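*Asks:* Before I ask anything, let me first share the structure, which is written out below as C-alpha cells.
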Amino acid sequence: MTNVPFGNLRLQYDSIRDEAESALQQVLDSGWFILGQQVSAFEEEFAAYVGARYAVGVGNGTEALQLAVMALDIGPGDEVLTVPLTACFTALAISATGATPTFVDIRPDSFNMDPEQIETRITPRTRAIMPVHLYGQSADMDPIMEIAERRGLYVIEDAAQAHGAEYKGRRLGSIGHIGCFSFYPSKNLGAYGDGGLCVTNDPALAERLRLLRNGGQSKRYHHEMLAINSRLDEMQAALLRAKLRHLDEWNDARRRIAHRYDELLAHSPVTTPVEMAYGKHVYHLYVVRSPARDRLQAHLEAHGVGTQVHYPIPLHLQGCYRFLGGKRGDYPVAERAAEEILSLPIYPELTDDQVEYVAEVINRWVP
C-alpha cells in the first residue's frame, strides 16, 4: 500500500537547505534578532511582490488581522462582516479588539463570501468587511469594494491562505485597505515558526500599524497609543526572504497538481474545486466535496492517504460564539459545505505517482 501523507514540510526544507541555513547564519552572525535589517528587507520585498506600497511584519496571521482592525479604529460597539466558513482565528482577531464578527454566507462554488448577501447583513454598527480568500482563491473583490465604498466601510483582506493568488491580474492583499497574511509553516509561504504581515497602500495606516505592533512606541519608552506586542523576528524574516524567491515556482507546482487531480477525478464520486474565471487560484488546499465525506475520509485513511477537514464547524456554531445567538440554518451554504468538504494532499513536492494513487483510491470508492 502506498503512503501519501497530507503534508511533509521536511521535503521543502531539504530542497532549500543551504539557502535556509545561510539565512539563519546571517542573523546569528549579526547578533540582532528583533525588528532589524532582515525584517525591513522582507517588508520591502513582500510589498513589491504583492503590489502594495507598504508592508509591516507582525507576530502571526491572527495578530495581523487584529492589528488591521485596530489600525482602522474599530473596536467595542462596532461590527465587522466576515464568513462562517474559515479558521476561527479570523473571527477571534475581530473579537480581540472588542468588535463583533457578523457573518455573511458563502458562494457554493468558490467557498468565499457571497457579495449578493453583504448588504442584508450591514447594520448602523458595521465598520468593515473582512473577506477571506479561502484555500488560496480570491473572493470576488470588485462588488465587495463597490459596496464598501458606497456604504463607507473599510475592507480588510484575510489573505492568510493566498500568497501569490490573483484577482483580475492583481495579487491579493493589495486590493482592500489592508491585506493580512500568515506565515504559519504549512502556508504556501511558510516560516519555521509563527509570523504574519499586513500590507497597505496608505502611508498613515502603515505608520499606525508599525506603532501598534510595537506597544505604540514612537521611540523607545515613548508609548503614544494603547497597543500590543506583535513583531516578526529576524530569523523568520530571513527565512521568508529566502523562500519568497521560490514562491511562484511552488505555486505553479500546486496548480499543476490541482489540474492533474481535476483530470483524474473528472468522473469520480466527488466534486472537485472550481477555479473562478476572475482569478488565479494558488491551491493552498485542494478541497473536494462529498455528501458521504466521513466515509470517504475513512476509505482514504485505510489506503494510506492523509486528509483533513478545513473547516468542520461553521463559526456561528462554535461554542465561543454561542453568545451571538447563531443557530443551525442561519448560513445554509456554509453549513452544507462544512459537512461535505475534504482536503486532499497537495504540496509542491507531491509526485505524479502519489497524485495518481490518491485519485485511484477515490475512483475505486463506492459511496
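Residue numbering restarts at 1 for every chain of the C-alpha cells, chains are lettered A, B, ... in their displayed order, and ligands are numbered from 1 as they appear.
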Given only C-alpha atoms, how would the per-residue table for region 218-311 of chain A near region 133-139 of chain A read, listing every residue at most 12 Å away with its closest atom pair and distance in Å to one decimal, sorted by chain and number, as a tab-separated table?
*Replies:*
```
residue	atom	partner	partner_atom	distance
A:Asn251	CA	A:Gly136	CA	9.9
A:Arg254	CA	A:Gly136	CA	10.4
A:Arg255	CA	A:Gly136	CA	10.5
A:Ala258	CA	A:Gly136	CA	11.8
A:Pro273	CA	A:Tyr135	CA	10.1
A:Val274	CA	A:Gln137	CA	9.5
A:Glu275	CA	A:Gln137	CA	7.5
A:Met276	CA	A:Gln137	CA	7.9
A:Ala277	CA	A:Ser138	CA	10.4
A:Tyr278	CA	A:Ser138	CA	8.4
A:Gly279	CA	A:Ser138	CA	6.5
A:Lys280	CA	A:Gln137	CA	6.9
A:His281	CA	A:Gln137	CA	4.6
A:Val282	CA	A:Gly136	CA	5.0
A:Tyr283	CA	A:Gly136	CA	4.9
A:His284	CA	A:Gly136	CA	4.9
A:Leu285	CA	A:Tyr135	CA	5.0
A:Tyr286	CA	A:Tyr135	CA	7.3
A:Val287	CA	A:Tyr135	CA	7.9
A:Val288	CA	A:Tyr135	CA	11.4
A:Val309	CA	A:Tyr135	CA	11.6
A:His310	CA	A:Tyr135	CA	8.7
A:Tyr311	CA	A:Leu134	CA	10.6
```
*Asks:* Region 48-102 of chain A near region 316-326 of chain A within 10 Å: what's each residue's closest atom pair and its distance in Å to one decimal, counting only C-alpha atoms, ordered by chain then ascending residue number, as a Markdown table?
*Replies:*
```
| residue | atom | partner | partner_atom | distance |
| --- | --- | --- | --- | --- |
| A:Val83 | CA | A:His316 | CA | 9.3 |
| A:Pro84 | CA | A:His316 | CA | 6.2 |
| A:Leu85 | CA | A:His316 | CA | 9.1 |
| A:Cys88 | CA | A:Gln318 | CA | 8.3 |
| A:Ala91 | CA | A:Tyr321 | CA | 9.3 |
| A:Leu92 | CA | A:Cys320 | CA | 9.2 |
| A:Ser95 | CA | A:Tyr321 | CA | 9.8 |
| A:Thr100 | CA | A:Leu324 | CA | 8.8 |
| A:Pro101 | CA | A:Leu324 | CA | 8.9 |
| A:Thr102 | CA | A:Leu324 | CA | 8.7 |
```
*Asks:* Mind writing the picked residues with N, CA and C atoms as a PDB file, in the first residue's frame?
*Replies:*
```pdb
ATOM      1  N   VAL A  83     -16.942  35.677   7.085  1.00  0.00           N
ATOM      2  CA  VAL A  83     -17.658  34.479   6.652  1.00  0.00           C
ATOM      3  C   VAL A  83     -17.663  33.428   7.757  1.00  0.00           C
ATOM      4  N   PRO A  84     -18.648  32.538   7.747  1.00  0.00           N
ATOM      5  CA  PRO A  84     -18.701  31.483   8.767  1.00  0.00           C
ATOM      6  C   PRO A  84     -17.837  30.269   8.446  1.00  0.00           C
ATOM      7  N   LEU A  85     -17.370  30.138   7.191  1.00  0.00           N
ATOM      8  CA  LEU A  85     -16.511  29.006   6.834  1.00  0.00           C
ATOM      9  C   LEU A  85     -15.081  29.509   6.684  1.00  0.00           C
ATOM     10  N   CYS A  88     -11.313  29.679  12.812  1.00  0.00           N
ATOM     11  CA  CYS A  88     -11.933  30.512  13.840  1.00  0.00           C
ATOM     12  C   CYS A  88     -11.074  31.730  14.164  1.00  0.00           C
ATOM     13  N   ALA A  91     -12.320  35.261  13.049  1.00  0.00           N
ATOM     14  CA  ALA A  91     -13.277  35.954  13.911  1.00  0.00           C
ATOM     15  C   ALA A  91     -12.662  36.317  15.253  1.00  0.00           C
ATOM     16  N   LEU A  92     -11.794  35.456  15.785  1.00  0.00           N
ATOM     17  CA  LEU A  92     -11.162  35.751  17.065  1.00  0.00           C
ATOM     18  C   LEU A  92     -10.333  37.032  16.996  1.00  0.00           C
ATOM     19  N   SER A  95     -12.774  39.781  17.474  1.00  0.00           N
ATOM     20  CA  SER A  95     -13.222  39.812  18.868  1.00  0.00           C
ATOM     21  C   SER A  95     -12.147  40.367  19.799  1.00  0.00           C
ATOM     22  N   THR A 100     -17.383  43.041  17.087  1.00  0.00           N
ATOM     23  CA  THR A 100     -18.189  41.829  16.968  1.00  0.00           C
ATOM     24  C   THR A 100     -18.154  41.317  15.532  1.00  0.00           C
ATOM     25  N   PRO A 101     -17.817  40.037  15.334  1.00  0.00           N
ATOM     26  CA  PRO A 101     -17.916  39.469  13.988  1.00  0.00           C
ATOM     27  C   PRO A 101     -19.370  39.201  13.621  1.00  0.00           C
ATOM     28  N   THR A 102     -19.729  39.564  12.407  1.00  0.00           N
ATOM     29  CA  THR A 102     -21.055  39.281  11.860  1.00  0.00           C
ATOM     30  C   THR A 102     -20.837  38.516  10.560  1.00  0.00           C
TER      31      THR A 102
END
```
*Asks:* Write out as JSON, numbers by chain which residues come within 6 Å of region 231-235 of chain A when counting only C-alpha atoms, dropping same-chain ones fewer than 2 positions away.
*Replies:* {"A": [24, 33, 34, 38, 39, 57, 58, 59, 195, 237, 238]}
*Asks:* Hey, what's within 6 Å of region 207-220 of chain A if we count only C-alpha atoms and toss same-chain stuff fewer than 3 positions away? As a PyMOL selection string, please?
*Replies:* chain A and resi 71+204+223-225+227-230
*Asks:* Give me a file of those residues, with N, CA and C atoms, as an mmCIF file, in the first residue's frame.
*Replies:*
```cif
data_model
loop_
_atom_site.group_PDB
_atom_site.id
_atom_site.type_symbol
_atom_site.label_atom_id
_atom_site.label_comp_id
_atom_site.auth_asym_id
_atom_site.auth_seq_id
_atom_site.Cartn_x
_atom_site.Cartn_y
_atom_site.Cartn_z
ATOM 1 N N ALA A 71 -5.958 49.351 13.640
ATOM 2 C CA ALA A 71 -5.433 50.484 12.880
ATOM 3 C C ALA A 71 -6.545 51.318 12.266
ATOM 4 N N ALA A 204 -0.373 56.501 6.123
ATOM 5 C CA ALA A 204 -0.810 56.739 7.505
ATOM 6 C C ALA A 204 -1.161 55.428 8.194
ATOM 7 N N HIS A 223 5.314 55.603 24.615
ATOM 8 C CA HIS A 223 4.143 54.861 24.139
ATOM 9 C C HIS A 223 3.013 55.846 23.863
ATOM 10 N N GLU A 224 2.691 56.004 22.580
ATOM 11 C CA GLU A 224 1.742 57.043 22.170
ATOM 12 C C GLU A 224 0.296 56.558 22.123
ATOM 13 N N MET A 225 0.089 55.248 22.089
ATOM 14 C CA MET A 225 -1.270 54.718 21.999
ATOM 15 C C MET A 225 -1.320 53.345 22.638
ATOM 16 N N ALA A 227 -1.661 49.597 22.597
ATOM 17 C CA ALA A 227 -1.249 48.725 21.501
ATOM 18 C C ALA A 227 -0.867 47.359 22.059
ATOM 19 N N ILE A 228 -0.292 46.529 21.204
ATOM 20 C CA ILE A 228 0.128 45.191 21.612
ATOM 21 C C ILE A 228 1.581 44.979 21.205
ATOM 22 N N ASN A 229 2.116 43.835 21.548
ATOM 23 C CA ASN A 229 3.478 43.450 21.178
ATOM 24 C C ASN A 229 3.366 42.321 20.169
ATOM 25 N N SER A 230 3.625 42.605 18.902
ATOM 26 C CA SER A 230 3.453 41.609 17.841
ATOM 27 C C SER A 230 4.481 41.897 16.754
#
```
*Asks:* Could you list, as a PyMOL selection string, every residue within 10 Å of Gln308 (chain A), counting only C-alpha atoms and ignoring same-chain residues fewer than 4 positions away?
*Replies:* chain A and resi 6+285+287+297+312+341-345
*Asks:* Keeping N, CA and C atoms, export the residues of the selection given above as a PDB file, in the first residue's frame.
*Replies:*
```pdb
ATOM      1  N   PHE A   6      -0.598  13.769   4.355  1.00  0.00           N
ATOM      2  CA  PHE A   6      -1.303  15.004   3.992  1.00  0.00           C
ATOM      3  C   PHE A   6      -0.320  16.135   3.712  1.00  0.00           C
ATOM      4  N   LEU A 285      -4.976  24.694  -0.420  1.00  0.00           N
ATOM      5  CA  LEU A 285      -5.638  23.417  -0.181  1.00  0.00           C
ATOM      6  C   LEU A 285      -6.398  23.004  -1.435  1.00  0.00           C
ATOM      7  N   VAL A 287      -9.644  21.039  -2.168  1.00  0.00           N
ATOM      8  CA  VAL A 287     -10.788  20.613  -1.362  1.00  0.00           C
ATOM      9  C   VAL A 287     -11.881  20.042  -2.258  1.00  0.00           C
ATOM     10  N   GLN A 297     -13.316   9.853   3.832  1.00  0.00           N
ATOM     11  CA  GLN A 297     -12.095  10.084   4.598  1.00  0.00           C
ATOM     12  C   GLN A 297     -11.584   8.781   5.214  1.00  0.00           C
ATOM     13  N   PRO A 312     -14.631  21.996   9.894  1.00  0.00           N
ATOM     14  CA  PRO A 312     -15.827  21.177  10.126  1.00  0.00           C
ATOM     15  C   PRO A 312     -16.961  21.875  10.856  1.00  0.00           C
ATOM     16  N   ILE A 341     -16.880  18.900   2.826  1.00  0.00           N
ATOM     17  CA  ILE A 341     -15.544  19.206   2.327  1.00  0.00           C
ATOM     18  C   ILE A 341     -14.484  18.265   2.876  1.00  0.00           C
ATOM     19  N   LEU A 342     -13.491  17.982   2.023  1.00  0.00           N
ATOM     20  CA  LEU A 342     -12.364  17.158   2.430  1.00  0.00           C
ATOM     21  C   LEU A 342     -11.128  17.626   1.655  1.00  0.00           C
ATOM     22  N   SER A 343     -10.062  17.931   2.391  1.00  0.00           N
ATOM     23  CA  SER A 343      -8.823  18.410   1.780  1.00  0.00           C
ATOM     24  C   SER A 343      -7.913  17.232   1.467  1.00  0.00           C
ATOM     25  N   LEU A 344      -7.486  17.141   0.202  1.00  0.00           N
ATOM     26  CA  LEU A 344      -6.573  16.086  -0.229  1.00  0.00           C
ATOM     27  C   LEU A 344      -5.126  16.589  -0.136  1.00  0.00           C
ATOM     28  N   PRO A 345      -4.163  15.683  -0.143  1.00  0.00           N
ATOM     29  CA  PRO A 345      -2.764  16.118  -0.115  1.00  0.00           C
ATOM     30  C   PRO A 345      -2.430  17.001  -1.312  1.00  0.00           C
TER      31      PRO A 345
END
```
*Asks:* Write out, as CSV, each residue of region 197-296 of chain A that has an atom at most 9 Å from region 171-177 of chain A, together with the closest pair of atoms and their distance in Å to one decimal, counting only C-alpha atoms, rows going by chain and rising number.
*Replies:*
```
residue,atom,partner,partner_atom,distance
A:Cys198,CA,A:Gly173,CA,8.2
A:Val199,CA,A:Gly173,CA,6.5
A:Thr200,CA,A:His177,CA,6.1
A:Asn201,CA,A:His177,CA,7.2
A:Asp202,CA,A:His177,CA,7.5
A:Leu205,CA,A:His177,CA,8.7
A:Lys280,CA,A:Arg171,CA,8.9
```
